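Shown below: my_file-v6.csv, with CSV, C-alpha atoms.
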```csv
chain,number,residue,atom,x,y,z
A,696,MET,CA,60.8,-90.5,-75.5
A,697,THR,CA,60.8,-92.6,-72.3
A,698,TRP,CA,62.8,-91.9,-69.2
A,699,ALA,CA,63.4,-93.4,-65.7
A,700,PRO,CA,66.0,-93.6,-63.0
A,701,GLN,CA,68.7,-96.2,-63.4
A,702,ASP,CA,71.8,-97.2,-61.5
A,703,THR,CA,71.0,-95.1,-58.4
A,704,LYS,CA,71.1,-95.8,-54.7
A,705,ALA,CA,67.3,-95.3,-54.4
A,706,THR,CA,64.4,-96.2,-56.7
A,707,ASN,CA,65.4,-97.6,-60.1
A,708,LYS,CA,63.0,-98.4,-63.0
A,709,PRO,CA,65.3,-99.7,-65.8
A,710,GLY,CA,62.5,-101.9,-67.1
A,711,MET,CA,60.5,-98.9,-68.3
A,712,PRO,CA,62.9,-97.5,-71.0
A,713,ALA,CA,64.0,-101.1,-71.8
A,714,PHE,CA,60.4,-102.1,-72.5
A,715,ALA,CA,59.8,-98.9,-74.5
A,716,GLN,CA,62.6,-99.9,-76.8
A,717,ALA,CA,61.3,-103.5,-77.1
A,718,TYR,CA,57.9,-102.2,-77.9
A,719,ALA,CA,59.3,-100.0,-80.7
A,720,ARG,CA,61.1,-103.1,-82.1
A,721,TRP,CA,57.8,-105.1,-81.9
A,722,VAL,CA,55.7,-102.3,-83.5
A,723,ASN,CA,58.2,-101.8,-86.3
A,724,ALA,CA,58.5,-105.5,-87.0
A,725,HIS,CA,54.7,-105.5,-87.5
A,726,GLY,CA,54.4,-102.6,-89.9
A,727,GLY,CA,54.8,-99.7,-87.6
A,728,LEU,CA,52.1,-97.3,-86.3
A,729,GLY,CA,49.8,-96.8,-89.2
A,730,GLY,CA,52.8,-97.5,-91.5
A,731,ARG,CA,55.1,-95.1,-89.6
A,732,LYS,CA,58.3,-96.2,-88.0
A,733,LEU,CA,58.3,-95.7,-84.2
A,734,LYS,CA,61.6,-94.3,-82.9
A,735,VAL,CA,62.1,-94.3,-79.1
A,736,ILE,CA,64.8,-92.4,-77.3
A,737,THR,CA,65.5,-93.0,-73.6
A,738,CYS,CA,67.1,-91.0,-70.8
A,739,ASN,CA,68.3,-91.7,-67.2
A,740,ASP,CA,66.9,-89.2,-64.8
A,741,HIS,CA,69.2,-90.5,-62.0
A,742,ASN,CA,66.7,-89.6,-59.3
A,743,ASP,CA,68.0,-86.1,-59.6
A,744,SER,CA,66.2,-82.9,-60.4
A,745,VAL,CA,69.0,-81.6,-62.6
A,746,ALA,CA,69.2,-84.8,-64.6
A,747,ALA,CA,65.4,-84.9,-64.9
A,748,ALA,CA,65.5,-81.3,-66.4
A,749,LYS,CA,68.2,-82.4,-68.8
A,750,CYS,CA,66.0,-85.3,-70.0
A,751,ALA,CA,63.2,-82.9,-70.7
A,752,ASP,CA,65.6,-80.5,-72.5
A,753,ARG,CA,66.7,-83.5,-74.6
A,754,ALA,CA,63.1,-84.3,-75.5
A,755,VAL,CA,62.7,-80.7,-76.8
A,756,GLU,CA,66.0,-80.8,-78.7
A,757,GLU,CA,65.1,-84.1,-80.3
A,758,ASN,CA,61.6,-82.9,-81.3
A,759,ALA,CA,59.9,-85.7,-79.4
A,760,VAL,CA,56.2,-85.9,-80.2
A,761,ALA,CA,55.5,-87.2,-76.7
A,762,VAL,CA,57.2,-88.5,-73.5
A,763,VAL,CA,55.5,-91.8,-72.9
A,764,GLY,CA,55.5,-94.3,-69.9
A,765,SER,CA,58.1,-92.6,-67.8
A,766,TYR,CA,59.1,-92.3,-64.1
A,767,SER,CA,60.5,-89.3,-62.3
A,768,GLN,CA,60.0,-87.8,-58.8
A,769,TYR,CA,60.7,-84.3,-60.2
A,770,GLY,CA,57.6,-83.4,-62.1
A,771,ASP,CA,57.8,-79.8,-60.9
A,772,THR,CA,61.2,-79.6,-62.6
A,773,PHE,CA,60.6,-81.3,-66.0
A,774,LEU,CA,57.0,-80.5,-66.7
A,775,PRO,CA,57.5,-76.7,-67.2
A,776,SER,CA,60.0,-77.5,-70.0
A,777,LEU,CA,57.6,-79.9,-71.7
A,778,GLU,CA,54.8,-77.4,-71.3
A,779,GLY,CA,56.9,-74.7,-72.9
A,780,ALA,CA,57.5,-76.9,-75.9
A,781,GLY,CA,54.0,-78.3,-76.0
A,782,ILE,CA,55.2,-81.9,-75.6
A,783,PRO,CA,52.5,-84.2,-73.9
A,784,TYR,CA,53.5,-86.4,-71.0
A,785,ILE,CA,51.6,-89.6,-71.5
A,786,GLY,CA,51.4,-92.3,-68.8
A,787,GLY,CA,53.8,-91.1,-66.2
A,788,TYR,CA,54.2,-93.4,-63.2
A,789,GLY,CA,52.1,-91.1,-61.0
A,790,VAL,CA,54.7,-90.5,-58.3
A,791,THR,CA,54.1,-86.8,-57.9
A,792,ASN,CA,51.1,-84.6,-57.6
A,793,ALA,CA,52.4,-82.4,-60.5
A,794,GLU,CA,51.4,-85.2,-62.9
A,795,PHE,CA,47.8,-84.7,-61.9
A,796,THR,CA,47.8,-80.9,-62.3
A,797,SER,CA,49.8,-80.1,-65.5
A,798,PRO,CA,47.5,-79.6,-68.5
A,799,LEU,CA,50.0,-81.5,-70.7
A,800,SER,CA,50.0,-84.6,-68.4
A,801,TYR,CA,47.8,-87.5,-69.5
A,802,PRO,CA,48.1,-90.1,-66.6
A,803,VAL,CA,46.9,-93.6,-67.2
A,804,ASN,CA,46.7,-94.5,-63.5
A,805,GLY,CA,45.8,-92.7,-60.3
A,806,GLY,CA,49.3,-92.6,-59.0
A,807,GLN,CA,50.1,-92.6,-55.3
A,808,PRO,CA,46.8,-90.7,-54.5
A,809,THR,CA,44.5,-93.6,-55.4
A,810,LEU,CA,46.8,-96.4,-54.1
A,811,LEU,CA,47.2,-94.8,-50.7
A,812,ALA,CA,43.5,-93.8,-50.4
A,813,GLY,CA,42.5,-97.3,-51.4
A,814,LEU,CA,44.9,-98.9,-48.9
A,815,GLY,CA,43.9,-96.6,-46.1
A,816,ARG,CA,40.2,-97.4,-46.7
A,817,GLU,CA,40.9,-101.1,-46.4
A,818,LEU,CA,43.2,-100.8,-43.4
A,819,GLY,CA,40.8,-98.5,-41.6
A,820,ARG,CA,38.3,-101.3,-41.4
A,821,SER,CA,40.6,-103.9,-39.8
A,822,CYS,CA,43.8,-102.3,-38.3
A,823,GLY,CA,44.7,-101.0,-34.9
A,824,PRO,CA,47.3,-98.2,-34.9
A,825,VAL,CA,48.9,-97.6,-38.3
A,826,ALA,CA,52.5,-96.5,-38.8
A,827,LEU,CA,53.6,-95.1,-42.2
A,828,VAL,CA,57.3,-95.3,-43.0
A,829,ARG,CA,58.1,-93.1,-46.0
A,830,PRO,CA,61.0,-91.2,-47.6
A,831,ASP,CA,62.1,-87.8,-46.3
A,832,THR,CA,61.6,-86.2,-49.7
A,833,ILE,CA,59.2,-83.8,-51.4
A,834,ALA,CA,57.4,-86.8,-53.0
A,835,GLY,CA,57.3,-88.5,-49.6
A,836,ASP,CA,55.7,-85.5,-48.0
A,837,GLU,CA,52.6,-86.0,-50.2
A,838,LEU,CA,52.0,-89.5,-48.9
A,839,PRO,CA,50.6,-89.1,-45.3
A,840,PRO,CA,47.5,-87.1,-46.1
A,841,LEU,CA,46.6,-89.5,-48.9
A,842,LEU,CA,46.8,-92.5,-46.7
A,843,ASN,CA,44.9,-90.6,-44.0
A,844,SER,CA,42.1,-89.8,-46.5
A,845,GLY,CA,41.3,-93.5,-46.8
A,846,LEU,CA,41.7,-94.2,-43.0
A,847,ARG,CA,39.5,-91.3,-42.1
A,848,SER,CA,36.8,-92.6,-44.5
A,849,ALA,CA,36.6,-95.7,-42.4
A,850,GLY,CA,36.6,-93.8,-39.1
A,851,HIS,CA,40.2,-94.5,-38.3
A,852,ALA,CA,42.8,-92.2,-36.7
A,853,ALA,CA,45.6,-90.7,-38.8
A,854,PRO,CA,48.7,-92.8,-39.3
A,855,ASP,CA,51.9,-92.1,-37.4
A,856,ASP,CA,54.1,-90.4,-40.0
A,857,GLN,CA,57.7,-91.7,-39.8
A,858,LEU,CA,60.4,-90.3,-42.0
A,859,ALA,CA,63.4,-92.3,-43.3
A,860,ASP,CA,66.3,-91.8,-45.7
A,861,GLU,CA,65.4,-92.9,-49.2
A,862,ASP,CA,68.7,-94.6,-49.8
A,863,ALA,CA,69.5,-96.1,-46.3
A,864,THR,CA,71.2,-99.5,-46.1
A,865,SER,CA,69.3,-100.5,-42.9
A,866,TYR,CA,66.2,-99.3,-41.1
A,867,ASP,CA,66.6,-100.7,-37.6
A,868,ALA,CA,65.6,-97.5,-35.8
A,869,GLN,CA,62.6,-96.9,-38.0
A,870,SER,CA,61.5,-100.5,-37.5
A,871,VAL,CA,61.6,-100.1,-33.7
A,872,ARG,CA,59.7,-96.9,-33.9
A,873,ALA,CA,57.0,-98.4,-36.2
A,874,LEU,CA,56.6,-101.4,-33.9
A,875,ASN,CA,56.4,-99.2,-30.7
A,876,HIS,CA,53.5,-97.4,-32.3
A,877,SER,CA,51.6,-100.2,-34.0
A,878,ALA,CA,52.3,-103.3,-31.9
A,879,THR,CA,49.7,-103.2,-29.2
A,880,ALA,CA,47.8,-105.7,-27.1
A,881,SER,CA,44.4,-104.6,-28.6
A,882,SER,CA,42.2,-107.1,-30.5
A,883,ASP,CA,42.9,-105.2,-33.7
A,884,LYS,CA,46.4,-105.9,-34.9
A,885,GLY,CA,48.4,-102.8,-35.7
A,886,CYS,CA,49.6,-102.2,-39.3
A,887,VAL,CA,52.9,-101.0,-40.7
A,888,VAL,CA,52.9,-99.5,-44.1
A,889,PRO,CA,56.4,-99.1,-45.7
A,890,ALA,CA,56.4,-96.8,-48.7
A,891,LEU,CA,60.1,-96.6,-49.6
A,892,GLY,CA,60.2,-97.7,-53.2
A,893,ASP,CA,63.1,-100.0,-53.9
A,894,ARG,CA,64.2,-99.7,-50.3
A,895,THR,CA,61.1,-101.3,-49.0
A,896,SER,CA,62.8,-104.7,-49.1
A,897,THR,CA,65.7,-103.3,-47.1
A,898,PHE,CA,63.2,-102.0,-44.5
A,899,LEU,CA,61.5,-105.4,-44.3
A,900,ASP,CA,64.9,-107.1,-43.6
A,901,SER,CA,65.3,-104.8,-40.6
A,902,PHE,CA,61.7,-105.1,-39.6
A,903,ARG,CA,61.7,-108.9,-39.6
A,904,ARG,CA,64.6,-108.8,-37.1
A,905,ALA,CA,63.1,-106.2,-34.9
A,906,ARG,CA,59.6,-107.6,-34.6
A,907,LYS,CA,60.6,-110.5,-32.3
A,908,GLY,CA,59.2,-109.9,-28.9
A,909,TYR,CA,56.5,-107.5,-30.0
A,910,PRO,CA,52.8,-108.4,-30.4
A,911,ALA,CA,51.8,-109.4,-33.9
A,912,VAL,CA,51.4,-106.7,-36.5
A,913,ARG,CA,50.4,-106.8,-40.1
A,914,THR,CA,52.2,-105.2,-43.0
A,915,ALA,CA,50.6,-103.5,-46.0
A,916,ALA,CA,51.9,-101.6,-49.0
A,917,VAL,CA,51.2,-100.1,-52.3
A,918,LEU,CA,52.3,-101.6,-55.6
A,919,GLY,CA,55.6,-100.0,-56.7
A,920,SER,CA,57.0,-100.5,-53.2
A,921,VAL,CA,56.1,-104.2,-53.2
A,922,ASP,CA,55.8,-106.6,-56.0
A,923,GLN,CA,56.2,-110.4,-56.4
A,924,THR,CA,60.0,-110.1,-56.6
A,925,VAL,CA,60.2,-108.2,-53.3
A,926,ILE,CA,57.9,-110.7,-51.7
A,927,ASN,CA,60.1,-113.6,-52.8
A,928,ALA,CA,63.3,-111.8,-51.6
A,929,THR,CA,61.9,-111.2,-48.1
A,930,GLY,CA,60.5,-114.6,-47.4
A,931,GLY,CA,57.0,-113.7,-48.5
A,932,ALA,CA,55.1,-116.5,-46.7
A,933,SER,CA,56.3,-115.3,-43.2
A,934,THR,CA,56.8,-111.6,-43.7
A,935,TYR,CA,53.9,-110.6,-46.0
A,936,ASP,CA,51.3,-113.4,-45.8
A,937,GLY,CA,47.9,-111.8,-45.3
A,938,SER,CA,49.2,-108.4,-46.3
A,939,TYR,CA,46.9,-106.1,-48.3
A,940,ILE,CA,48.5,-104.4,-51.3
A,941,THR,CA,46.7,-101.9,-53.5
A,942,GLY,CA,47.6,-101.7,-57.2
A,943,TRP,CA,46.4,-99.9,-60.3
A,944,TYR,CA,46.0,-102.9,-62.5
A,945,PRO,CA,45.0,-106.6,-62.4
A,946,VAL,CA,47.6,-109.1,-60.9
A,947,ALA,CA,50.4,-110.1,-63.2
A,948,SER,CA,49.0,-113.6,-63.8
A,949,ASP,CA,45.8,-112.1,-65.3
A,950,PRO,CA,45.3,-113.1,-69.0
A,951,ARG,CA,44.7,-109.5,-69.8
A,952,TRP,CA,48.5,-109.0,-69.7
A,953,ASP,CA,49.1,-111.6,-72.4
A,954,PRO,CA,49.5,-109.1,-75.3
A,955,MET,CA,52.2,-107.3,-73.3
A,956,LYS,CA,53.9,-110.6,-72.5
A,957,LYS,CA,53.9,-111.5,-76.2
A,958,VAL,CA,55.9,-108.3,-76.9
A,959,ILE,CA,58.4,-109.2,-74.2
A,960,SER,CA,58.8,-112.8,-75.5
A,961,GLU,CA,59.2,-111.7,-79.1
A,962,GLN,CA,61.5,-108.7,-78.6
A,963,ALA,CA,63.1,-108.9,-75.1
A,964,PHE,CA,63.3,-112.6,-74.2
A,965,GLY,CA,66.1,-112.9,-71.6
A,966,ASP,CA,66.3,-109.2,-70.9
A,967,ASN,CA,66.2,-109.3,-67.1
A,968,ARG,CA,65.5,-105.6,-66.8
A,969,ILE,CA,62.0,-106.2,-68.0
A,970,ASP,CA,59.7,-108.0,-65.5
A,971,PRO,CA,56.1,-108.3,-66.6
A,972,ALA,CA,55.1,-108.1,-62.9
A,973,ASP,CA,56.7,-104.7,-62.5
A,974,ALA,CA,54.2,-101.8,-62.2
A,975,GLY,CA,56.6,-99.6,-64.2
A,976,VAL,CA,56.7,-102.0,-67.1
A,977,GLN,CA,52.9,-102.4,-67.0
A,978,THR,CA,52.4,-98.6,-67.0
A,979,THR,CA,54.7,-98.2,-70.0
A,980,TRP,CA,52.7,-100.8,-71.9
A,981,ILE,CA,49.4,-99.0,-71.2
A,982,ALA,CA,51.0,-95.6,-72.0
A,983,TYR,CA,52.2,-96.9,-75.4
A,984,THR,CA,48.7,-98.4,-75.9
A,985,VAL,CA,47.4,-94.9,-75.6
A,986,PHE,CA,50.0,-93.5,-77.9
A,987,LYS,CA,49.2,-96.1,-80.5
A,988,LYS,CA,45.5,-95.2,-80.4
A,989,VAL,CA,46.4,-91.5,-80.7
A,990,VAL,CA,48.5,-92.1,-83.8
A,991,GLU,CA,45.8,-94.2,-85.4
A,992,SER,CA,43.3,-91.4,-84.7
A,993,ILE,CA,45.5,-88.9,-86.5
A,994,GLY,CA,45.2,-91.0,-89.7
A,995,ASP,CA,47.2,-89.6,-92.6
A,996,GLY,CA,48.0,-86.3,-90.8
A,997,ALA,CA,51.4,-85.4,-89.5
A,998,VAL,CA,52.3,-86.8,-86.1
A,999,THR,CA,53.7,-83.9,-84.1
A,1000,ALA,CA,53.6,-82.9,-80.5
A,1001,ASP,CA,50.7,-80.5,-81.4
A,1002,SER,CA,48.7,-83.2,-83.2
A,1003,VAL,CA,49.2,-85.7,-80.5
A,1004,ARG,CA,48.1,-83.2,-77.8
A,1005,SER,CA,45.1,-82.1,-79.9
A,1006,ALA,CA,43.9,-85.7,-80.3
A,1007,LEU,CA,44.1,-86.2,-76.5
A,1008,ASN,CA,42.4,-82.9,-75.8
A,1009,GLU,CA,39.5,-83.5,-78.2
A,1010,GLY,CA,38.1,-86.3,-76.0
A,1011,LEU,CA,39.7,-89.4,-77.5
A,1012,LYS,CA,38.6,-92.5,-75.7
A,1013,VAL,CA,41.2,-95.2,-75.2
A,1014,PRO,CA,40.2,-98.8,-74.2
A,1015,THR,CA,43.1,-100.8,-72.6
A,1016,GLY,CA,41.8,-104.3,-72.9
A,1017,GLY,CA,40.3,-104.2,-69.4
A,1018,LEU,CA,43.6,-103.3,-67.7
A,1019,THR,CA,42.1,-100.0,-66.7
A,1020,PRO,CA,38.7,-98.4,-67.2
A,1021,THR,CA,38.4,-96.7,-70.6
A,1022,LEU,CA,40.7,-93.6,-70.5
A,1023,GLN,CA,39.6,-90.1,-71.5
A,1024,TRP,CA,41.1,-86.8,-70.5
A,1025,LYS,CA,39.2,-83.6,-70.0
A,1026,PHE,CA,40.5,-80.1,-69.1
A,1027,GLN,CA,39.4,-80.7,-65.6
A,1028,ASP,CA,38.0,-83.9,-64.1
A,1029,VAL,CA,36.0,-84.5,-61.0
A,1030,LEU,CA,38.9,-84.3,-58.6
A,1031,ALA,CA,39.8,-80.7,-59.6
A,1032,SER,CA,38.4,-79.5,-56.3
A,1033,VAL,CA,41.0,-81.3,-54.3
A,1034,GLY,CA,43.9,-80.4,-56.6
A,1035,PHE,CA,44.0,-83.3,-59.0
A,1036,PRO,CA,42.3,-82.0,-62.2
A,1037,ARG,CA,44.1,-84.5,-64.5
A,1038,LEU,CA,43.4,-87.6,-62.4
A,1039,VAL,CA,41.0,-89.5,-64.7
A,1040,ASN,CA,41.5,-93.1,-63.5
A,1041,ARG,CA,40.3,-93.4,-60.0
A,1042,ALA,CA,40.2,-97.2,-59.9
A,1043,VAL,CA,42.5,-99.5,-57.9
A,1044,THR,CA,42.7,-103.2,-57.3
A,1045,LEU,CA,43.0,-104.9,-54.0
A,1046,GLN,CA,45.5,-107.7,-53.8
A,1047,VAL,CA,46.7,-109.9,-50.9
A,1048,VAL,CA,49.6,-112.2,-50.3
A,1049,ARG,CA,48.6,-115.8,-49.8
A,1050,ASP,CA,51.3,-118.5,-49.4
A,1051,GLY,CA,53.9,-116.1,-50.6
A,1052,ARG,CA,52.0,-115.2,-53.8
A,1053,LEU,CA,50.3,-112.0,-54.8
A,1054,VAL,CA,46.7,-112.7,-55.8
A,1055,ALA,CA,43.5,-110.7,-56.3
A,1056,ALA,CA,41.7,-110.1,-53.0
A,1057,ARG,CA,38.6,-108.8,-54.7
A,1058,LYS,CA,37.2,-109.0,-58.2
A,1059,GLY,CA,37.3,-106.0,-60.4
A,1060,PHE,CA,38.2,-102.4,-59.5
A,1061,ILE,CA,37.5,-100.3,-56.5
A,1062,ASP,CA,36.6,-96.6,-57.2
A,1063,VAL,CA,38.2,-94.2,-54.7
A,1064,THR,CA,36.7,-91.0,-56.1
A,1065,LYS,CA,34.6,-90.2,-53.0
A,1066,THR,CA,37.5,-91.0,-50.6
A,1067,LEU,CA,39.7,-88.5,-52.4
A,1068,GLN,CA,37.0,-85.9,-52.7
A,1069,ASN,CA,36.7,-85.9,-48.9
A,1070,ALA,CA,40.5,-85.8,-48.4
A,1071,ASP,CA,42.1,-82.9,-46.5
A,1072,LEU,CA,45.1,-82.3,-48.7
A,1073,ASN,CA,45.9,-78.7,-47.7
```
Write-out of the structure in structure tokens:
Amino acid sequence: MTWAPQDTKATNKPGMPAFAQAYARWVNAHGGLGGRKLKVITCNDHNDSVAAAKCADRAVEENAVAVVGSYSQYGDTFLPSLEGAGIPYIGGYGVTNAEFTSPLSYPVNGGQPTLLAGLGRELGRSCGPVALVRPDTIAGDELPPLLNSGLRSAGHAAPDDQLADEDATSYDAQSVRALNHSATASSDKGCVVPALGDRTSTFLDSFRRARKGYPAVRTAAVLGSVDQTVINATGGASTYDGSYITGWYPVASDPRWDPMKKVISEQAFGDNRIDPADAGVQTTWIAYTVFKKVVESIGDGAVTADSVRSALNEGLKVPTGGLTPTLQWKFQDVLASVGFPRLVNRAVTLQVVRDGRLVAARKGFIDVTKTLQNADLN
């Protein structure tokens, strides 16, 4: 099963369930998983806790062997249902801390913790005052201490935490507040970090109008709030040029994504819901890569929620073609002491916008383990 929010006023990830279905078609056209047919069912969580719980209940009713490559802000709501039924949650988007604490969660990326820690570490070296503009939600409440963990590791002051409605149609007041804090006459330009999901582009529209008359500032973001389509829509060369963006994976133009793009071209050509540059689609690809490896490891045995979970818990190592470090889940990993026992992939990539294009700012991955180990997340 794969679920994600669709047709809502806030963050939408229709490409994730759409890609999951395309992947199933591709797998089945090439002999299935070890000769087995892959059936994918999808669900819309509507960015709503009740709907998210209903998706989990449906996974139980349908005897899903795993929930794979999904997005929801309501981990605290749906994970208990999956735990009760013993259904593993493989490759969630990493939007809530619950995904890094549940023993049945098997994340493929470091979620918001690694992105914000990595971004804060980079901005702490070069920015003046930093303003964070984030949703006034439970998931949004988790963001400031994570960004601050990176800033503090570079000897920088905490960000100014500015709350905003997740589904606003304009952010004029928030833009002015962010500029009043970050736009100073100091030699180090201030930085504004919008972390508003799909509404980041709406914020940038307001911000672009408001910044006239203020000293120059830089913008920075995490992947998921900003991708190439957002940069294009907001006049990337003028608005984002020089901006640092942290991601979990290599840039979309990297040849390591070619196998995923082949699936899209063969089974979803023309489906505009599926963008290979979208971090949700990329996460779903990696999550199904894990699931494929799990099924192969089971051999001729029955593929059930129990056997899938057992394979993952027994130390299965999953290479992802260089898109992440080799993945392996232990009962508790090195970040258990700061509340993230399931966070096994602590690597991020640093990207930068040049001439309106998102490109690699640095080769390889950046390990933020120590940054998060020193974070004050209480």
Shortest interatomic distance to Pro971 (chain A) - which of A:Asp1001, A:Ser765, A:Gln923, A:Leu728, counting only C-alpha atoms =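 Of A:Asp1001, A:Ser765, A:Gln923, A:Leu728, the one nearest Pro971 (chain A) is A:Gln923, counting only C-alpha atoms.
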Quick one: everything within 9 Å of Val887 (chain A), counting all atoms listed in the file, minus sequence neighbours fewer than 2 positions away in the same chain. Send it as a PyMOL selection string.
-> chain A and resi 824-828+873-874+877+885+889+912-916
Identify which of the residues A:Gly845, A:Lys907, A:Thr706, A:Gly819 lies closest to Lys884 (chain A), counting all atoms listed in the file when measuring atom-to-atom distances.
->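 Using all atoms listed in the file, the shortest distance to Lys884 (chain A) belongs to A:Gly819.
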Counting only C-alpha atoms, figure out which residue out of A:Ala890, A:Thr703, A:Pro798, A:Tyr866 gets nearest to Trp1024 (chain A).
->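 The answer is A:Pro798, which sits nearest to Trp1024 (chain A).
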Atom-to-atom span, CA of Ser844 (chain A) and CA of Gly942 (chain A), Å = 16.9 Å
Which is closest to Gly1051 (chain A) among A:Glu778, A:Asp893, A:Asp836, A:Asp936, if we use all atoms listed in the file?
->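 Smallest separation from Gly1051 (chain A) among the options: A:Asp936.
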